[in-house]
$ cat target23.pdb   # PDB, C-alpha atoms
ATOM      1  CA  TYR G   1     -13.097   3.507   7.196
ATOM      2  CA  THR G   2     -10.203   5.657   8.389
ATOM      3  CA  ILE G   3      -7.322   4.067   6.472
ATOM      4  CA  GLY G   4      -7.121   3.592   2.715
ATOM      5  CA  TRP G   5      -4.842   0.763   1.596
ATOM      6  CA  ILE G   6      -3.668   0.984  -2.033
ATOM      7  CA  ALA G   7      -1.922  -1.871  -3.834
ATOM      8  CA  PRO G   8      -0.572  -1.912  -7.398
ATOM      9  CA  LEU G   9      -2.506  -4.635  -9.231
ATOM     10  CA  ALA G  10      -4.801  -7.288  -7.770
ATOM     11  CA  LEU G  11      -2.116  -9.945  -7.192
ATOM     12  CA  LYS G  12      -0.346  -7.608  -4.779
ATOM     13  CA  LEU G  13      -3.551  -7.348  -2.723
ATOM     14  CA  THR G  14      -3.982 -11.097  -2.166
ATOM     15  CA  ALA G  15      -1.686 -11.196   0.854
ATOM     16  CA  ALA G  16      -3.106  -7.999   2.339
ATOM     17  CA  LYS G  17      -6.671  -9.322   2.236
ATOM     18  CA  ALA G  18      -5.564 -12.390   4.210
ATOM     19  CA  LEU G  19      -4.131 -10.298   7.059
ATOM     20  CA  ARG G  20      -7.391  -9.379   8.704
ATOM     21  CA  ASP G  21      -8.985  -9.641  12.116
ATOM     22  CA  GLY G  22     -12.426  -9.111  10.640
ATOM     23  CA  VAL G  23     -14.120  -8.956   7.238
ATOM     24  CA  HIS G  24     -16.705  -6.284   6.436
ATOM     25  CA  GLY G  25     -17.377  -7.490   2.910
ATOM     26  CA  ASN G  26     -16.737  -6.237  -0.599
ATOM     27  CA  ILE G  27     -18.077  -2.954  -1.951
ATOM     28  CA  HIS G  28     -18.589  -2.352  -5.689
ATOM     29  CA  ILE G  29     -18.485   1.283  -6.841
ATOM     30  CA  ASP G  30     -17.911   2.577 -10.398
ATOM     31  CA  GLY G  31     -16.360  -0.662 -11.591
ATOM     32  CA  TYR G  32     -13.921  -0.892  -8.676
ATOM     33  CA  ILE G  33     -14.010  -3.494  -5.914
ATOM     34  CA  TYR G  34     -13.172  -2.278  -2.413
ATOM     35  CA  TYR G  35     -12.409  -4.727   0.369
ATOM     36  CA  GLY G  36     -13.460  -3.752   3.873
ATOM     37  CA  ARG G  37     -11.286  -5.211   6.608
ATOM     38  CA  ARG G  38     -10.619  -4.787  10.302
ATOM     39  CA  ILE G  39      -6.955  -4.999  11.229
ATOM     40  CA  ARG G  40      -6.574  -4.775  14.983
ATOM     41  CA  GLU G  41      -8.599  -1.695  15.978
ATOM     42  CA  HIS G  42      -8.584  -0.066  12.554
ATOM     43  CA  ASN G  43     -11.220  -0.168   9.835
ATOM     44  CA  VAL G  44      -9.279  -0.424   6.593
ATOM     45  CA  ILE G  45     -10.601  -0.145   3.054
ATOM     46  CA  MET G  46      -8.401  -1.838   0.440
ATOM     47  CA  ALA G  47      -8.269  -1.540  -3.327
ATOM     48  CA  ALA G  48      -5.982  -2.475  -6.200
ATOM     49  CA  GLN G  49      -5.086  -0.266  -9.129
ATOM     50  CA  PRO G  50      -6.208  -1.489 -12.561
ATOM     51  CA  GLU G  51      -2.709  -0.734 -13.849
ATOM     52  CA  MET G  52       0.635   0.373 -12.468
ATOM     53  CA  GLY G  53       1.815   3.968 -12.346
ATOM     54  CA  THR G  54       1.369   7.278 -10.577
ATOM     55  CA  ASP G  55      -1.657   8.293 -12.673
ATOM     56  CA  ALA G  56      -3.580   5.159 -11.708
ATOM     57  CA  ALA G  57      -2.633   5.653  -8.051
ATOM     58  CA  SER G  58      -3.799   9.266  -8.108
ATOM     59  CA  ASP G  59      -7.119   8.300  -9.703
ATOM     60  CA  LEU G  60      -7.730   5.494  -7.216
ATOM     61  CA  ALA G  61      -6.908   7.689  -4.217
ATOM     62  CA  ALA G  62      -9.370  10.329  -5.468
ATOM     63  CA  ARG G  63     -12.089   7.714  -5.953
ATOM     64  CA  MET G  64     -11.510   6.304  -2.482
ATOM     65  CA  ARG G  65     -11.622   9.787  -0.957
ATOM     66  CA  ALA G  66     -14.967  10.436  -2.645
ATOM     67  CA  ALA G  67     -16.491   7.094  -1.666
ATOM     68  CA  PHE G  68     -15.138   6.834   1.885
ATOM     69  CA  LYS G  69     -15.092  10.307   3.343
ATOM     70  CA  ASN G  70     -13.667   9.333   6.750
ATOM     71  CA  ILE G  71     -10.304   8.222   5.347
ATOM     72  CA  GLU G  72      -7.605  10.006   7.327
ATOM     73  CA  TYR G  73      -4.593   8.744   5.404
ATOM     74  CA  PHE G  74      -3.421   6.189   2.875
ATOM     75  CA  MET G  75      -0.933   3.359   2.978
ATOM     76  CA  VAL G  76       0.610   2.474  -0.393
ATOM     77  CA  VAL G  77       1.812  -1.101   0.077
ATOM     78  CA  GLY G  78       3.534  -3.427  -2.363
ATOM     79  CA  ILE G  79       6.724  -4.261  -4.223
ATOM     80  CA  GLY G  80       9.660  -1.977  -4.933
ATOM     81  CA  ASP G  81      13.115  -1.874  -6.492
ATOM     82  CA  GLY G  82      16.021  -1.512  -4.087
ATOM     83  CA  VAL G  83      19.368   0.255  -3.980
ATOM     84  CA  PRO G  84      21.826  -2.529  -3.043
ATOM     85  CA  SER G  85      23.646  -0.587  -0.323
ATOM     86  CA  TYR G  86      23.551   2.806   1.368
ATOM     87  CA  GLY G  87      25.085   4.703   4.253
ATOM     88  CA  SER G  88      28.531   6.005   5.117
ATOM     89  CA  SER G  89      31.676   4.275   3.952
ATOM     90  CA  GLY G  90      32.698   1.487   6.302
ATOM     91  CA  ALA G  91      29.209   1.169   7.771
ATOM     92  CA  ARG G  92      27.061   0.585   4.717
ATOM     93  CA  SER G  93      23.733  -1.201   5.093
ATOM     94  CA  GLN G  94      22.940  -3.926   2.586
ATOM     95  CA  ILE G  95      19.477  -4.157   1.038
ATOM     96  CA  VAL G  96      18.694  -7.659  -0.210
ATOM     97  CA  LEU G  97      15.683  -9.161  -1.947
ATOM     98  CA  GLY G  98      12.922  -9.575   0.600
ATOM     99  CA  GLY G  99      13.867  -6.463   2.585
ATOM    100  CA  VAL G 100      11.306  -3.804   3.530
ATOM    101  CA  VAL G 101      11.678  -0.073   2.859
ATOM    102  CA  VAL G 102       9.440   2.455   4.627
ATOM    103  CA  SER G 103       9.177   6.066   3.449
ATOM    104  CA  SER G 104      10.662   8.329   6.112
ATOM    105  CA  PRO G 105      11.994  11.896   5.956
ATOM    106  CA  LYS G 106      15.688  12.042   5.099
ATOM    107  CA  GLY G 107      17.762  15.166   4.524
ATOM    108  CA  SER G 108      15.613  17.916   3.011
ATOM    109  CA  TYR G 109      13.028  15.483   1.604
ATOM    110  CA  GLY G 110       9.842  14.134   3.149
ATOM    111  CA  GLY G 111      10.241  10.447   2.326
ATOM    112  CA  VAL G 112       8.772  10.197  -1.203
ATOM    113  CA  ILE G 113      10.367  12.044  -4.133
ATOM    114  CA  GLN G 114       8.889  12.298  -7.616
ATOM    115  CA  TYR G 115      12.032  12.298  -9.743
ATOM    116  CA  ASP G 116      10.501  12.409 -13.247
ATOM    117  CA  TYR G 117       8.859  15.795 -12.721
ATOM    118  CA  GLY G 118      10.294  18.450 -15.025
ATOM    119  CA  ALA G 119      10.121  20.455 -18.237
ATOM    120  CA  TRP G 120      11.905  20.700 -21.573
ATOM    121  CA  MET G 121      13.818  23.993 -21.921
ATOM    122  CA  GLU G 122      15.889  25.401 -24.822
ATOM    123  CA  GLU G 123      19.047  24.040 -23.216
ATOM    124  CA  GLY G 124      17.475  20.643 -22.600
ATOM    125  CA  ARG G 125      15.421  18.994 -19.897
ATOM    126  CA  HIS G 126      15.250  20.752 -16.555
ATOM    127  CA  GLU G 127      14.318  18.416 -13.723
ATOM    128  CA  PHE G 128      12.242  19.331 -10.709
ATOM    129  CA  PHE G 129      11.971  17.035  -7.740
ATOM    130  CA  ARG G 130       8.568  17.214  -6.128
ATOM    131  CA  HIS G 131       8.447  15.535  -2.745
ATOM    132  CA  SER G 132       6.019  14.753   0.039
ATOM    133  CA  ASN G 133       5.907  16.637   3.325
ATOM    134  CA  GLY G 134       6.366  13.379   5.173
ATOM    135  CA  PRO G 135       3.894  10.962   6.742
ATOM    136  CA  PRO G 136       1.194  12.325   9.085
ATOM    137  CA  ALA G 137       2.529  13.003  12.592
ATOM    138  CA  THR G 138       0.606  10.120  14.179
ATOM    139  CA  VAL G 139       1.861   7.693  11.526
ATOM    140  CA  LEU G 140       5.454   8.925  11.762
ATOM    141  CA  THR G 141       5.323   8.566  15.548
ATOM    142  CA  ALA G 142       4.191   4.953  15.145
ATOM    143  CA  VAL G 143       6.885   4.295  12.520
ATOM    144  CA  ASN G 144       9.561   5.752  14.790
ATOM    145  CA  GLY G 145       8.208   3.739  17.713
ATOM    146  CA  LEU G 146       8.470   0.525  15.730
ATOM    147  CA  ARG G 147      11.886   1.580  14.476
ATOM    148  CA  ALA G 148      13.152   2.178  18.015
ATOM    149  CA  LYS G 149      11.684  -1.081  19.264
ATOM    150  CA  HIS G 150      13.259  -3.114  16.469
ATOM    151  CA  PRO G 151      16.159  -1.091  14.976
ATOM    152  CA  LEU G 152      16.543  -3.317  11.914
ATOM    153  CA  THR G 153      14.373  -6.388  12.374
ATOM    154  CA  PRO G 154      10.637  -6.447  13.212
ATOM    155  CA  GLY G 155      10.855  -9.012  16.008
ATOM    156  CA  MET G 156       8.671 -12.081  15.601
ATOM    157  CA  LYS G 157       5.566 -10.409  14.155
ATOM    158  CA  ILE G 158       6.418 -10.549  10.434
ATOM    159  CA  PRO G 159       7.272 -14.282  10.410
ATOM    160  CA  CYS G 160       3.963 -15.010  12.166
ATOM    161  CA  SER G 161       2.032 -12.808   9.737
ATOM    162  CA  LEU G 162       3.650 -14.511   6.748
ATOM    163  CA  GLU G 163       2.588 -17.881   8.096
ATOM    164  CA  GLU G 164      -0.923 -16.509   8.659
ATOM    165  CA  ILE G 165      -1.073 -15.428   5.006
ATOM    166  CA  ARG G 166      -0.025 -18.867   3.786
ATOM    167  CA  LEU G 167      -2.656 -20.556   5.912
ATOM    168  CA  LYS G 168      -5.492 -18.277   4.779
ATOM    169  CA  ILE G 169      -4.892 -18.172   1.035
ATOM    170  CA  ARG G 170      -5.718 -20.999  -1.350
ATOM    171  CA  GLU G 171      -3.436 -24.002  -1.111
ATOM    172  CA  ASP G 172      -2.402 -23.751  -4.761
ATOM    173  CA  GLU G 173      -1.176 -20.167  -4.149
ATOM    174  CA  ARG G 174       0.993 -20.869  -1.116
ATOM    175  CA  THR G 175       4.215 -21.672  -2.942
ATOM    176  CA  TYR G 176       4.139 -18.219  -4.559
ATOM    177  CA  PHE G 177       4.263 -16.552  -1.148
ATOM    178  CA  LYS G 178       7.393 -18.299   0.074
ATOM    179  CA  GLY G 179      10.809 -16.670  -0.054
ATOM    180  CA  GLN G 180      12.979 -17.771  -2.946
ATOM    181  CA  GLY G 181      16.080 -18.194  -0.769
ATOM    182  CA  ALA G 182      19.504 -16.554  -0.734
ATOM    183  CA  ASN G 183      20.662 -18.661  -3.689
ATOM    184  CA  GLN G 184      18.019 -16.908  -5.837
ATOM    185  CA  ASP G 185      19.255 -13.436  -4.853
ATOM    186  CA  ARG G 186      21.832 -12.301  -7.394
ATOM    187  CA  LEU G 187      23.226  -8.763  -7.727
ATOM    188  CA  PHE G 188      24.824  -7.858 -11.072
ATOM    189  CA  GLN G 189      27.527  -5.248 -11.556
ATOM    190  CA  TYR G 190      26.031  -1.829 -12.262
ATOM    191  CA  ASN G 191      27.712  -1.619 -15.689
ATOM    192  CA  TYR G 192      26.468  -5.003 -16.893
ATOM    193  CA  PRO G 193      22.903  -4.686 -18.266
ATOM    194  CA  HIS G 194      20.690  -7.605 -19.136
ATOM    195  CA  PRO G 195      21.230  -8.606 -22.804
ATOM    196  CA  GLU G 196      17.817  -7.655 -24.175
ATOM    197  CA  ALA G 197      18.756  -8.851 -27.660
ATOM    198  CA  SER G 198      18.689 -12.430 -26.389
ATOM    199  CA  GLY G 199      14.926 -12.233 -25.859
ATOM    200  CA  ASN G 200      15.428 -14.316 -22.719
ATOM    201  CA  LYS G 201      14.183 -12.970 -19.388
ATOM    202  CA  ASN G 202      16.006 -15.606 -17.313
ATOM    203  CA  CYS G 203      19.418 -14.284 -16.291
ATOM    204  CA  LYS G 204      20.762 -17.785 -15.690
ATOM    205  CA  ASN G 205      20.260 -18.593 -19.365
ATOM    206  CA  CYS G 206      21.690 -15.508 -21.015
ATOM    207  CA  CYS G 207      23.756 -13.415 -18.578
ATOM    208  CA  ASN G 208      27.411 -13.742 -17.617
ATOM    209  CA  LEU G 209      26.991 -14.842 -14.004
ATOM    210  CA  LYS G 210      30.633 -14.008 -13.312
ATOM    211  CA  ARG G 211      29.504 -10.366 -13.461
ATOM    212  CA  SER G 212      27.271 -10.924 -10.431
ATOM    213  CA  GLN G 213      27.319 -11.824  -6.737
ATOM    214  CA  LEU G 214      25.063 -14.141  -4.803
ATOM    215  CA  ARG G 215      23.858 -12.784  -1.477
ATOM    216  CA  GLU G 216      26.284 -14.918   0.540
ATOM    217  CA  SER G 217      29.210 -13.215  -1.241
ATOM    218  CA  ARG G 218      28.161  -9.719  -0.155
ATOM    219  CA  GLY G 219      29.402 -10.047   3.414
ATOM    220  CA  PRO G 220      27.795 -10.463   6.857
ATOM    221  CA  GLN G 221      25.552  -7.396   6.423
ATOM    222  CA  ALA G 222      23.652  -9.285   3.704
ATOM    223  CA  ILE G 223      22.887 -12.395   5.776
ATOM    224  CA  ARG G 224      19.212 -12.900   6.678
ATOM    225  CA  GLN G 225      17.164 -15.478   8.541
ATOM    226  CA  VAL G 226      14.185 -17.030   6.761
ATOM    227  CA  ASP G 227      11.066 -14.809   6.878
ATOM    228  CA  THR G 228      12.868 -12.201   8.998
ATOM    229  CA  PRO G 229      13.624  -9.245   6.730
ATOM    230  CA  LYS G 230      15.486  -6.140   7.746
ATOM    231  CA  ILE G 231      13.525  -2.897   7.733
ATOM    232  CA  HIS G 232      15.075   0.147   6.079
ATOM    233  CA  TYR G 233      13.841   3.732   6.461
ATOM    234  CA  GLY G 234      14.485   6.624   4.092
ATOM    235  CA  ASN G 235      13.602   8.359   0.852
ATOM    236  CA  ILE G 236      11.736   6.455  -1.856
ATOM    237  CA  GLY G 237      11.947   7.578  -5.470
ATOM    238  CA  SER G 238       8.674   7.506  -7.389
ATOM    239  CA  SER G 239       7.912   7.992 -11.064
ATOM    240  CA  ASN G 240       5.539   6.889 -13.793
ATOM    241  CA  GLN G 241       8.262   4.783 -15.397
ATOM    242  CA  LEU G 242       9.883   1.526 -14.350
ATOM    243  CA  GLN G 243      13.448   1.992 -13.082
ATOM    244  CA  MET G 244      15.680  -0.372 -15.090
ATOM    245  CA  SER G 245      19.036   1.419 -15.217
ATOM    246  CA  ALA G 246      21.614   0.639 -12.545
ATOM    247  CA  THR G 247      23.594   3.712 -13.626
ATOM    248  CA  LYS G 248      20.553   5.982 -13.147
ATOM    249  CA  ARG G 249      19.814   4.180  -9.858
ATOM    250  CA  ASN G 250      23.247   5.069  -8.527
ATOM    251  CA  GLN G 251      22.981   8.674  -9.737
ATOM    252  CA  LEU G 252      19.624   9.230  -8.038
ATOM    253  CA  HIS G 253      20.804   7.531  -4.863
ATOM    254  CA  LYS G 254      23.806   9.855  -4.705
ATOM    255  CA  LYS G 255      21.784  12.976  -5.515
ATOM    256  CA  LEU G 256      18.583  12.363  -3.533
ATOM    257  CA  GLU G 257      19.584   9.657  -1.024
ATOM    258  CA  VAL G 258      16.799   7.395  -2.284
ATOM    259  CA  ILE G 259      17.109   3.735  -1.280
ATOM    260  CA  CYS G 260      14.097   2.364  -3.163
ATOM    261  CA  PHE G 261      12.146   3.038  -6.364
ATOM    262  CA  GLU G 262       8.454   2.511  -7.121
ATOM    263  CA  MET G 263       5.670   3.744  -9.409
ATOM    264  CA  GLU G 264       2.706   4.758  -7.250
ATOM    265  CA  GLY G 265       3.601   6.970  -4.284
ATOM    266  CA  ALA G 266       3.986  10.185  -6.280
ATOM    267  CA  GLY G 267       0.395   9.819  -7.458
ATOM    268  CA  VAL G 268      -0.853  10.097  -3.892
ATOM    269  CA  ILE G 269       1.394  13.014  -2.881
ATOM    270  CA  GLN G 270      -1.059  15.814  -3.574
ATOM    271  CA  ARG G 271      -3.618  16.489  -0.829
ATOM    272  CA  ASN G 272      -3.304  12.988   0.650
ATOM    273  CA  PRO G 273      -1.446  12.200   3.878
ATOM    274  CA  PHE G 274       0.182   8.826   3.258
ATOM    275  CA  LEU G 275       2.929   6.310   3.972
ATOM    276  CA  VAL G 276       4.683   4.071   1.436
ATOM    277  CA  ILE G 277       5.783   0.557   2.402
ATOM    278  CA  ARG G 278       7.746  -1.426  -0.172
ATOM    279  CA  GLU G 279       9.246  -4.892  -0.241
ATOM    280  CA  ILE G 280      12.313  -5.299  -2.441
ATOM    281  CA  CYS G 281      11.969  -7.722  -5.364
ATOM    282  CA  ASP G 282      14.863  -6.530  -7.574
ATOM    283  CA  TYR G 283      17.765  -4.085  -7.626
ATOM    284  CA  SER G 284      16.422  -1.251  -9.794
ATOM    285  CA  ASP G 285      18.260  -2.560 -12.822
ATOM    286  CA  SER G 286      17.483  -4.467 -16.007
ATOM    287  CA  HIS G 287      17.849  -7.858 -14.307
ATOM    288  CA  LYS G 288      14.229  -8.119 -13.164
ATOM    289  CA  ASN G 289      13.132 -11.053 -11.014
ATOM    290  CA  LYS G 290       9.374 -11.600 -10.906
ATOM    291  CA  LYS G 291       9.715 -14.745  -8.793
ATOM    292  CA  TRP G 292      10.211 -12.588  -5.697
ATOM    293  CA  GLN G 293       7.145 -10.395  -6.269
ATOM    294  CA  PRO G 294       4.395 -12.361  -4.426
ATOM    295  CA  TYR G 295       6.616 -12.913  -1.379
ATOM    296  CA  ALA G 296       7.644  -9.271  -1.502
ATOM    297  CA  ALA G 297       4.010  -8.128  -1.493
ATOM    298  CA  ALA G 298       3.274 -10.429   1.454
ATOM    299  CA  THR G 299       6.156  -9.138   3.556
ATOM    300  CA  ALA G 300       5.255  -5.498   2.916
ATOM    301  CA  ALA G 301       1.689  -6.274   4.017
ATOM    302  CA  ALA G 302       3.010  -8.029   7.133
ATOM    303  CA  TYR G 303       4.991  -4.943   8.132
ATOM    304  CA  ALA G 304       1.925  -2.761   7.544
ATOM    305  CA  LYS G 305      -0.088  -4.962   9.887
ATOM    306  CA  GLU G 306       2.551  -4.691  12.607
ATOM    307  CA  LEU G 307       2.496  -0.922  12.226
ATOM    308  CA  LEU G 308      -1.301  -0.849  12.544
ATOM    309  CA  GLU G 309      -1.022  -2.717  15.835
ATOM    310  CA  ILE G 310       0.650   0.280  17.479
ATOM    311  CA  LEU G 311      -1.003   3.056  15.474
ATOM    312  CA  PRO G 312      -3.613   4.828  17.622
ATOM    313  CA  THR G 313      -7.210   4.900  16.403
TER
END
$ encode --input "target23.pdb" --output "structure tokens"
Amino acid sequence: YTIGWIAPLALKLTAAKALRDGVHGNIHIDGYIYYGRRIREHNVIMAAQPEMGTDAASDLAARMRAAFKNIEYFMVVGIGDGVPSYGSSGARSQIVLGGVVVSSPKGSYGGVIQYDYGAWMEEGRHEFFRHSNGPPATVLTAVNGLRAKHPLTPGMKIPCSLEEIRLKIREDERTYFKGQGANQDRLFQYNYPHPEASGNKNCKNCCNLKRSQLRESRGPQAIRQVDTPKIHYGNIGSSNQLQMSATKRNQLHKKLEVICFEMEGAGVIQRNPFLVIREICDYSDSHKNKKWQPYAAATAAAYAKELLEILPT
């Protein structure tokens, strides 16, 4: 196996396991289950973390390295939290739920930035930002090739892969892997947090919806066709904590140019060449939306498969 595929939690691996051209079987080592797959010309070994976070990702990557010594690099594939818009004024790109973000070097950073790395000093906390050196050259070449071929959309491959997933998984799971639709994509104002005191997780029941926008109100840049997400490339922020503050989201975006947040990539930074692929399921704020997560995991896996089609063996 030359590629290690890491997913946060088993549910996020369901879609990935369905996107195969061949099955090598399951391998049980030290309480972990590894899934051997062939995707196009690549032998891929997949595994899910027992829990979320950078520590679990680091431990799993080390275990996979020890068990499968021919792994050349890792792909960390799953859900992420998006920055709603980015880019220069007047030409800002809109990230919506269901969009894909791929870690790519931007500015002085290598594509994945650990933003919770620091130390407490006498004058307070001093933050350090540890970052990756960027994806391996062969992977970055493939990413750039796919990016040039389809500047923002992935052509027809992702819709076909999503349909393949739905056909291969159990019938009772299929509804989970369908997009929720633009009318279920709501962006709240950055200074309006979810009222935690209500004890209600459903924003429709406890939030002031006048403080939000549906996707259709965000302009033509936010319009999407069904199962055809836009692909965004740039820095991804990674930490061991869930990002739930829209104010902090905006600060980190301005400071580090991150366009997505997640909880695993930083755990694979050290001594592991890797690429992070994330599908957006919320806006890095307190208004979390778990309904989008299965579809998000499926779309990220579909992009990864398309990348593997052009990645040399």
$ residues_near_point --input "target23.pdb" --point "(11.6, -11.4, -19.3)" --cutoff "10 Å" --atoms "all atoms listed in the file" --output "list in words"
His194, Glu196, Gly199, Asn200, Lys201, Asn202, Cys203, Ser286, His287, Lys288, Asn289 and Lys290 of chain G
$ write_last_selection --input "target23.pdb" --atoms "C-alpha atoms" --output "PDB file, in the coordinates of the input"
ATOM      1  CA  HIS G 194      20.690  -7.605 -19.136  1.00  0.00           C
ATOM      2  CA  GLU G 196      17.817  -7.655 -24.175  1.00  0.00           C
ATOM      3  CA  GLY G 199      14.926 -12.233 -25.859  1.00  0.00           C
ATOM      4  CA  ASN G 200      15.428 -14.316 -22.719  1.00  0.00           C
ATOM      5  CA  LYS G 201      14.183 -12.970 -19.388  1.00  0.00           C
ATOM      6  CA  ASN G 202      16.006 -15.606 -17.313  1.00  0.00           C
ATOM      7  CA  CYS G 203      19.418 -14.284 -16.291  1.00  0.00           C
ATOM      8  CA  SER G 286      17.483  -4.467 -16.007  1.00  0.00           C
ATOM      9  CA  HIS G 287      17.849  -7.858 -14.307  1.00  0.00           C
ATOM     10  CA  LYS G 288      14.229  -8.119 -13.164  1.00  0.00           C
ATOM     11  CA  ASN G 289      13.132 -11.053 -11.014  1.00  0.00           C
ATOM     12  CA  LYS G 290       9.374 -11.600 -10.906  1.00  0.00           C
TER      13      LYS G 290
END
$ closest_atom_pairs --input "target23.pdb" --of "stretch 55-169 of chain G" --to "stretch 244-265 of chain G" --cutoff "12 Å" --atoms "all atoms listed in the file" --output "Markdown table"
| residue | atom | partner | partner_atom | distance |
| --- | --- | --- | --- | --- |
| G:Asp55 | CA | G:Glu264 | CA | 7.8 |
| G:Ala56 | CA | G:Glu264 | CA | 7.7 |
| G:Ala57 | CA | G:Glu264 | CA | 5.5 |
| G:Ser58 | CA | G:Glu264 | CA | 8.0 |
| G:Asp59 | CA | G:Glu264 | CA | 10.7 |
| G:Leu60 | CA | G:Glu264 | CA | 10.5 |
| G:Ala61 | CA | G:Glu264 | CA | 10.5 |
| G:Phe74 | CA | G:Gly265 | CA | 10.1 |
| G:Met75 | CA | G:Gly265 | CA | 9.3 |
| G:Val76 | CA | G:Gly265 | CA | 6.7 |
| G:Val77 | CA | G:Gly265 | CA | 9.3 |
| G:Gly78 | CA | G:Glu262 | CA | 9.1 |
| G:Ile79 | CA | G:Glu262 | CA | 7.6 |
| G:Gly80 | CA | G:Glu262 | CA | 5.1 |
| G:Asp81 | CA | G:Phe261 | CA | 5.0 |
| G:Gly82 | CA | G:Cys260 | CA | 4.4 |
| G:Val83 | CA | G:Ile259 | CA | 5.0 |
| G:Pro84 | CA | G:Ile259 | CA | 8.0 |
| G:Ser85 | CA | G:Ile259 | CA | 7.9 |
| G:Tyr86 | CA | G:Ile259 | CA | 7.0 |
| G:Gly87 | CA | G:Glu257 | CA | 9.1 |
| G:Ser88 | CA | G:Glu257 | CA | 11.4 |
| G:Ser93 | CA | G:Ile259 | CA | 10.4 |
| G:Gln94 | CA | G:Ile259 | CA | 10.4 |
| G:Ile95 | CA | G:Ile259 | CA | 8.6 |
| G:Val96 | CA | G:Cys260 | CA | 11.4 |
| G:Leu97 | CA | G:Cys260 | CA | 11.7 |
| G:Gly99 | CA | G:Cys260 | CA | 10.5 |
| G:Val100 | CA | G:Cys260 | CA | 9.5 |
| G:Val101 | CA | G:Cys260 | CA | 6.9 |
| G:Val102 | CA | G:Cys260 | CA | 9.1 |
| G:Ser103 | CA | G:Cys260 | CA | 9.0 |
| G:Ser104 | CA | G:Val258 | CA | 10.4 |
| G:Pro105 | CA | G:Val258 | CA | 10.5 |
| G:Lys106 | CA | G:Glu257 | CA | 7.6 |
| G:Gly107 | CA | G:Glu257 | CA | 8.0 |
| G:Ser108 | CA | G:Leu256 | CA | 9.1 |
| G:Tyr109 | CA | G:Leu256 | CA | 8.2 |
| G:Gly110 | CA | G:Val258 | CA | 11.1 |
| G:Gly111 | CA | G:Val258 | CA | 8.6 |
| G:Val112 | CA | G:Gly265 | CA | 6.8 |
| G:Ile113 | CA | G:Val258 | CA | 8.1 |
| G:Gln114 | CA | G:Gly265 | CA | 8.2 |
| G:Tyr115 | CA | G:Leu252 | CA | 8.4 |
| G:Asp116 | CA | G:Met263 | CA | 10.6 |
| G:Phe128 | CA | G:Leu256 | CA | 11.8 |
| G:Phe129 | CA | G:Leu256 | CA | 9.1 |
| G:Arg130 | CA | G:Leu256 | CA | 11.4 |
| G:His131 | CA | G:Gly265 | CA | 10.0 |
| G:Ser132 | CA | G:Gly265 | CA | 9.2 |
| G:Gly134 | CA | G:Gly265 | CA | 11.8 |
| G:Pro135 | CA | G:Gly265 | CA | 11.7 |
$ atom_distance --input "target23.pdb" --atom1 "atom CA of G:Asn191" --atom2 "atom CA of G:Cys281"
19.8 Å
$ atom_distance --input "target23.pdb" --atom1 "atom CA of G:Arg63" --atom2 "atom CA of G:Val23"
21.4 Å
$ axis_aligned_box --input "target23.pdb" --around "stretch 222-239 of chain G" --padding-each-side "3 Å" --output "AutoDock Vina command-line options"
--center_x 15.8 --center_y -4.3 --center_z -1.0 --size_x 21.7 --size_y 31.4 --size_z 26.1
$ resolve_selection --input "target23.pdb" --expression "the PyMOL selection byres ((chain G and resi 294-305) around 8)" --output "JSON, numbers by chain"
{"G": [11, 12, 13, 15, 16, 19, 39, 77, 78, 79, 98, 99, 100, 154, 157, 158, 161, 162, 165, 176, 177, 178, 179, 277, 278, 279, 280, 281, 291, 292, 293, 306, 307, 308, 309]}
$ write_last_selection --input "target23.pdb" --atoms "C-alpha atoms" --output "compact mmCIF listing (two decimals), in the coordinates of the input"
# COMPACT_ATOMS: atom_id res chain seq x y z
CA LEU G 11 -2.12 -9.94 -7.19
CA LYS G 12 -0.35 -7.61 -4.78
CA LEU G 13 -3.55 -7.35 -2.72
CA ALA G 15 -1.69 -11.20 0.85
CA ALA G 16 -3.11 -8.00 2.34
CA LEU G 19 -4.13 -10.30 7.06
CA ILE G 39 -6.96 -5.00 11.23
CA VAL G 77 1.81 -1.10 0.08
CA GLY G 78 3.53 -3.43 -2.36
CA ILE G 79 6.72 -4.26 -4.22
CA GLY G 98 12.92 -9.57 0.60
CA GLY G 99 13.87 -6.46 2.58
CA VAL G 100 11.31 -3.80 3.53
CA PRO G 154 10.64 -6.45 13.21
CA LYS G 157 5.57 -10.41 14.16
CA ILE G 158 6.42 -10.55 10.43
CA SER G 161 2.03 -12.81 9.74
CA LEU G 162 3.65 -14.51 6.75
CA ILE G 165 -1.07 -15.43 5.01
CA TYR G 176 4.14 -18.22 -4.56
CA PHE G 177 4.26 -16.55 -1.15
CA LYS G 178 7.39 -18.30 0.07
CA GLY G 179 10.81 -16.67 -0.05
CA ILE G 277 5.78 0.56 2.40
CA ARG G 278 7.75 -1.43 -0.17
CA GLU G 279 9.25 -4.89 -0.24
CA ILE G 280 12.31 -5.30 -2.44
CA CYS G 281 11.97 -7.72 -5.36
CA LYS G 291 9.72 -14.74 -8.79
CA TRP G 292 10.21 -12.59 -5.70
CA GLN G 293 7.14 -10.40 -6.27
CA GLU G 306 2.55 -4.69 12.61
CA LEU G 307 2.50 -0.92 12.23
CA LEU G 308 -1.30 -0.85 12.54
CA GLU G 309 -1.02 -2.72 15.84
